[in-house]
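First comes the structure, then the notes that go with it.
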Amino acid sequence: MLEVYLNKNEEKEKLDGFPWVFNNEVNHFNGNIVNGEVVKVLSFEGNFIAYGFINTISKIMVRILSLDENEIIDESFFRNRIKYAISHRTNMNLNNSNCYRLIFAEADFLPGLIVDKYADYLSVQFLSLGMDKIKDMLVKILVEETNCKGIYERGDVEVRHKEGLEIKKGFLYNEFNPRIEVIENGIKFIVDVENGQKTGYFLDQKFNRDIIRLYAKDKVVLDCFSNVGGFALHACKYGAKEVCAVDISKKACDDILVNAKLNNFNQMKVVCEDTFNVLRDNKYFNYFDTIVLDPPAFTKNKDSVKKAYKGYKEINLQALKMIKSGGYLLTFSCSQHMTPNLFMDMLKDAIHDSKRKVQFIDFRIQSPDHPSLMNSEEQLYLKCIILRVQ
């Protein structure tokens with residue numbers, strides 16, 4: 001087995017649970033390098049640190065699998081890790097939802113493996129070379145441990161290029177209609193695992209969408225960047241008087257209408273337009289009781305954080321100006337580079353410029369089927385702040 005020696009004093013955060021070894025942390029190797037294989041990571045002095053997948057093509061040179069030197073990295077190892085991840089979702093007792101994240105990569109100690117459950121089907125991503133090389137074995141384990149009826153691969157993500165992997169998608173186990181009817185918090189949705197966002201749907205907002213029950217009854221609700229209508233449909237379920245869902249995508253707007261019809265929600269209005277324009281439209285001034293801002297990630301790297309800050313501030317400022325007195329603003333960022341502190345600073349700026357008085361009601365993160373490691377801030381990416389505006 002190849003031995004990977006770290007630079008001096010690089011081992012502490014790995015032993016504390018940080019899941020990656022970057023290429024600039026490696027001092028030298030002992031043995032033959034075969035990318036995608038399991039290697040032994042050692043301190044500069046030669047002490048055992050971890051086992052992990054190596055890929056010298058990637059900036060993340062080693063993705064850590066285990067800190068136990070006596071662990072054998074074989075099929076039983078991966079089966080046990082998958083069973084452990086499944087047990088957490090079983091413990092969540094999601095009786096009114098049949099869609100959720102089953103495996104969340106490093107956060108479930110399976111680096112580079114994403115598995116989402118949609119009713120009786122799985123949508124998967126292999127985002128590291130190591131996981132991609134054992135794909136057939138992982139599919140076999142997933143079928144046996146979940147009794148799923150089919151598996152679809154969503155390998156159409158740019159991060160695979162960083163691992164030296166090709167972009168691809170398609171059926172891995174049985175062929176099926178990729179448009180699947182699922183239930184989330186008692187609401188019916190059509191999820192397209194072939195062409196939908198991410199693996200088909202933004203599952204990380206499950207609990208946050210449901211919390212709108214506190215801010216929807218008898219209210220006029222605006223759901224911005226609505227995608228397939230997640231927050232809008234929940235607002236309908238919880239008794240909103242009127243709901244306006246806004247998205248720039250014609251396909252997304254069509255999907256919202258399909259999902260509304262599935263649930264017999266009649267108070268839904270869909271606006272296919274740029275959300276920035278809607279938020280600046282004077283005809284909506286003082287019209288909405290509750291506004292949801294759930295934009296896509298305005299920044300995916302540190303270099304564009306300043307520009308993203310301006311974008312986040314603009315939509316929040318306009319929403320603060322528009323909303324009725326006593327109304328609620330549910331505002332989100334799904335970018336890991338927009339840290340909780342930076343997100344809060346942005347909101348303070350927007351509040352100051354809006355000249356509104358605001359109460360801080362709640363702070364939330366991604367749903368618990370999307371855990372994060374305590375020693376890996378990158379995985380705590382989703383922030384939600386709920387405000388009441390006077």
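Naming works like this for the structure tokens: A, B, ... for the chains as they're shown, residue 1 at the start of each chain, ligands 1 onward in shown order.
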Need the shell around Phe44 in chain A: protein/DNA/RNA residues with any atom at most 12 Å away, counting only C-alpha atoms. Skip same-chain ones fewer than 4 positions apart. Format as a list in words? Glu3, Val4, Tyr5, Leu6, Asn7, Lys8, Asn9, Glu10, Glu11, Lys12, Glu25, Val26, Asn27, His28, Phe29, Phe48 and Ile49 of chain A
Alpha helix (DSSP H) call set, DSSP backbone run, range 316-355 of chain A, as an MDAnalysis selection string: chainID A and resid 316:322 340:354
Save the residues we just selected, N, CA and C atoms, as a PDB file, in the first residue's frame?
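Contents of result-v8.pdb, as written:
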ATOM      1  N   ASN A 316     -32.491  41.271  -0.524  1.00  0.00           N
ATOM      2  CA  ASN A 316     -32.999  41.426   0.836  1.00  0.00           C
ATOM      3  C   ASN A 316     -33.461  42.850   1.102  1.00  0.00           C
ATOM      4  N   LEU A 317     -32.731  43.827   0.567  1.00  0.00           N
ATOM      5  CA  LEU A 317     -33.130  45.225   0.724  1.00  0.00           C
ATOM      6  C   LEU A 317     -34.493  45.468   0.071  1.00  0.00           C
ATOM      7  N   GLN A 318     -34.673  44.971  -1.141  1.00  0.00           N
ATOM      8  CA  GLN A 318     -35.941  45.170  -1.841  1.00  0.00           C
ATOM      9  C   GLN A 318     -37.088  44.461  -1.133  1.00  0.00           C
ATOM     10  N   ALA A 319     -36.822  43.272  -0.622  1.00  0.00           N
ATOM     11  CA  ALA A 319     -37.860  42.550   0.123  1.00  0.00           C
ATOM     12  C   ALA A 319     -38.234  43.285   1.405  1.00  0.00           C
ATOM     13  N   LEU A 320     -37.239  43.824   2.088  1.00  0.00           N
ATOM     14  CA  LEU A 320     -37.494  44.581   3.322  1.00  0.00           C
ATOM     15  C   LEU A 320     -38.319  45.832   3.045  1.00  0.00           C
ATOM     16  N   LYS A 321     -38.057  46.476   1.926  1.00  0.00           N
ATOM     17  CA  LYS A 321     -38.817  47.671   1.548  1.00  0.00           C
ATOM     18  C   LYS A 321     -40.259  47.313   1.161  1.00  0.00           C
ATOM     19  N   MET A 322     -40.427  46.169   0.535  1.00  0.00           N
ATOM     20  CA  MET A 322     -41.711  45.772  -0.040  1.00  0.00           C
ATOM     21  C   MET A 322     -42.694  45.224   0.985  1.00  0.00           C
ATOM     22  N   PRO A 340     -21.955  32.236   7.956  1.00  0.00           N
ATOM     23  CA  PRO A 340     -23.030  32.775   8.795  1.00  0.00           C
ATOM     24  C   PRO A 340     -22.772  34.213   9.235  1.00  0.00           C
ATOM     25  N   ASN A 341     -21.542  34.534   9.618  1.00  0.00           N
ATOM     26  CA  ASN A 341     -21.229  35.901  10.060  1.00  0.00           C
ATOM     27  C   ASN A 341     -21.355  36.900   8.914  1.00  0.00           C
ATOM     28  N   LEU A 342     -20.868  36.503   7.727  1.00  0.00           N
ATOM     29  CA  LEU A 342     -20.958  37.396   6.570  1.00  0.00           C
ATOM     30  C   LEU A 342     -22.416  37.587   6.149  1.00  0.00           C
ATOM     31  N   PHE A 343     -23.187  36.522   6.223  1.00  0.00           N
ATOM     32  CA  PHE A 343     -24.609  36.600   5.892  1.00  0.00           C
ATOM     33  C   PHE A 343     -25.331  37.550   6.846  1.00  0.00           C
ATOM     34  N   MET A 344     -24.991  37.457   8.115  1.00  0.00           N
ATOM     35  CA  MET A 344     -25.598  38.348   9.108  1.00  0.00           C
ATOM     36  C   MET A 344     -25.184  39.799   8.868  1.00  0.00           C
ATOM     37  N   ASP A 345     -23.923  40.026   8.538  1.00  0.00           N
ATOM     38  CA  ASP A 345     -23.454  41.390   8.246  1.00  0.00           C
ATOM     39  C   ASP A 345     -24.202  41.972   7.047  1.00  0.00           C
ATOM     40  N   MET A 346     -24.405  41.134   6.018  1.00  0.00           N
ATOM     41  CA  MET A 346     -25.141  41.580   4.835  1.00  0.00           C
ATOM     42  C   MET A 346     -26.551  42.009   5.196  1.00  0.00           C
ATOM     43  N   LEU A 347     -27.218  41.205   6.044  1.00  0.00           N
ATOM     44  CA  LEU A 347     -28.587  41.539   6.449  1.00  0.00           C
ATOM     45  C   LEU A 347     -28.631  42.828   7.275  1.00  0.00           C
ATOM     46  N   LYS A 348     -27.635  43.030   8.106  1.00  0.00           N
ATOM     47  CA  LYS A 348     -27.582  44.275   8.888  1.00  0.00           C
ATOM     48  C   LYS A 348     -27.455  45.480   7.963  1.00  0.00           C
ATOM     49  N   ASP A 349     -26.641  45.347   6.927  1.00  0.00           N
ATOM     50  CA  ASP A 349     -26.502  46.413   5.933  1.00  0.00           C
ATOM     51  C   ASP A 349     -27.834  46.691   5.241  1.00  0.00           C
ATOM     52  N   ALA A 350     -28.503  45.618   4.830  1.00  0.00           N
ATOM     53  CA  ALA A 350     -29.781  45.764   4.128  1.00  0.00           C
ATOM     54  C   ALA A 350     -30.834  46.385   5.034  1.00  0.00           C
ATOM     55  N   ILE A 351     -30.865  45.966   6.274  1.00  0.00           N
ATOM     56  CA  ILE A 351     -31.836  46.511   7.235  1.00  0.00           C
ATOM     57  C   ILE A 351     -31.588  48.002   7.449  1.00  0.00           C
ATOM     58  N   HIS A 352     -30.312  48.363   7.587  1.00  0.00           N
ATOM     59  CA  HIS A 352     -29.960  49.783   7.782  1.00  0.00           C
ATOM     60  C   HIS A 352     -30.449  50.622   6.610  1.00  0.00           C
ATOM     61  N   ASP A 353     -30.204  50.136   5.392  1.00  0.00           N
ATOM     62  CA  ASP A 353     -30.578  50.907   4.201  1.00  0.00           C
ATOM     63  C   ASP A 353     -32.093  50.921   3.979  1.00  0.00           C
ATOM     64  N   SER A 354     -32.788  49.912   4.478  1.00  0.00           N
ATOM     65  CA  SER A 354     -34.238  49.848   4.288  1.00  0.00           C
ATOM     66  C   SER A 354     -34.990  50.791   5.230  1.00  0.00           C
TER      67      SER A 354
END
What are the closest atom pairs, with distances in Å to one decimal, for each residue of range 105-162 of chain A lying within 10 Å of range 66-76 of chain A, using only C-alpha atoms, rows by chain and rising residue number, as a Markdown table?
| residue | atom | partner | partner_atom | distance |
| --- | --- | --- | --- | --- |
| A:Phe109 | CA | A:Ser66 | CA | 8.1 |
| A:Leu110 | CA | A:Ser66 | CA | 9.7 |
| A:Ile134 | CA | A:Glu75 | CA | 9.4 |
| A:Met137 | CA | A:Glu75 | CA | 7.4 |
| A:Leu138 | CA | A:Glu75 | CA | 8.4 |
| A:Ile141 | CA | A:Glu75 | CA | 8.5 |
I'd like the interatomic distance between CA of Val220 in chain A and CA of Ile323 in chain A, to a tenth of an Å.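 So the answer is 10.3 Å.
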Can you tell me how far CA of Val62 in chain A sits from CA of Thr146 in chain A, in Å to one decimal?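 The value is 28.9 Å.
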Contacts of range 120-127 of chain A within 6 Å, only C-alpha atoms, excl. fewer than 4 positions in-chain, as a list in words: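 Listing them by chain and then by number gives Gly112, Leu113, Ile114, Val115, Asp116, Met131, Asp132, Cys148, Lys149, Gly150, Ile151, Tyr152, Glu153, Arg154, Gly155, Arg160 and Thr199 of chain A.
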Check range 167-222 of chain A with DSSP on the backbone and list each residue it calls strand (DSSP E), as a ChimeraX atom specification. /A:168-173,179-184,187-192,220-222
Residues of the last selection are to be written out with C-alpha atoms, as an mmCIF file, in the first residue's frame.
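Contents of part_11.cif, as written:
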data_model
loop_
_atom_site.group_PDB
_atom_site.id
_atom_site.type_symbol
_atom_site.label_atom_id
_atom_site.label_comp_id
_atom_site.auth_asym_id
_atom_site.auth_seq_id
_atom_site.Cartn_x
_atom_site.Cartn_y
_atom_site.Cartn_z
ATOM 1 C CA LYS A 168 -22.088 11.361 -17.465
ATOM 2 C CA LYS A 169 -25.558 10.344 -16.385
ATOM 3 C CA GLY A 170 -27.825 7.370 -16.904
ATOM 4 C CA PHE A 171 -29.416 4.284 -15.363
ATOM 5 C CA LEU A 172 -27.229 2.083 -13.161
ATOM 6 C CA TYR A 173 -29.867 -0.376 -11.960
ATOM 7 C CA ARG A 179 -40.187 11.679 -13.376
ATOM 8 C CA ILE A 180 -41.086 10.309 -9.953
ATOM 9 C CA GLU A 181 -43.999 11.316 -7.755
ATOM 10 C CA VAL A 182 -42.747 11.802 -4.204
ATOM 11 C CA ILE A 183 -44.154 13.080 -0.926
ATOM 12 C CA GLU A 184 -42.467 15.763 1.170
ATOM 13 C CA ILE A 187 -47.220 17.305 -0.168
ATOM 14 C CA LYS A 188 -47.008 15.589 -3.555
ATOM 15 C CA PHE A 189 -44.248 16.608 -5.972
ATOM 16 C CA ILE A 190 -42.971 15.423 -9.320
ATOM 17 C CA VAL A 191 -39.179 15.071 -9.171
ATOM 18 C CA ASP A 192 -37.191 14.689 -12.374
ATOM 19 C CA VAL A 220 -50.275 36.607 1.206
ATOM 20 C CA VAL A 221 -46.986 34.824 0.482
ATOM 21 C CA LEU A 222 -44.259 35.502 -2.097
#
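The smallest atom-to-atom distance between Lys219 in chain A and any of A:Thr290, A:Asn174, A:Asn80, A:Asn259, using only C-alpha atoms, is found for A:Thr290.
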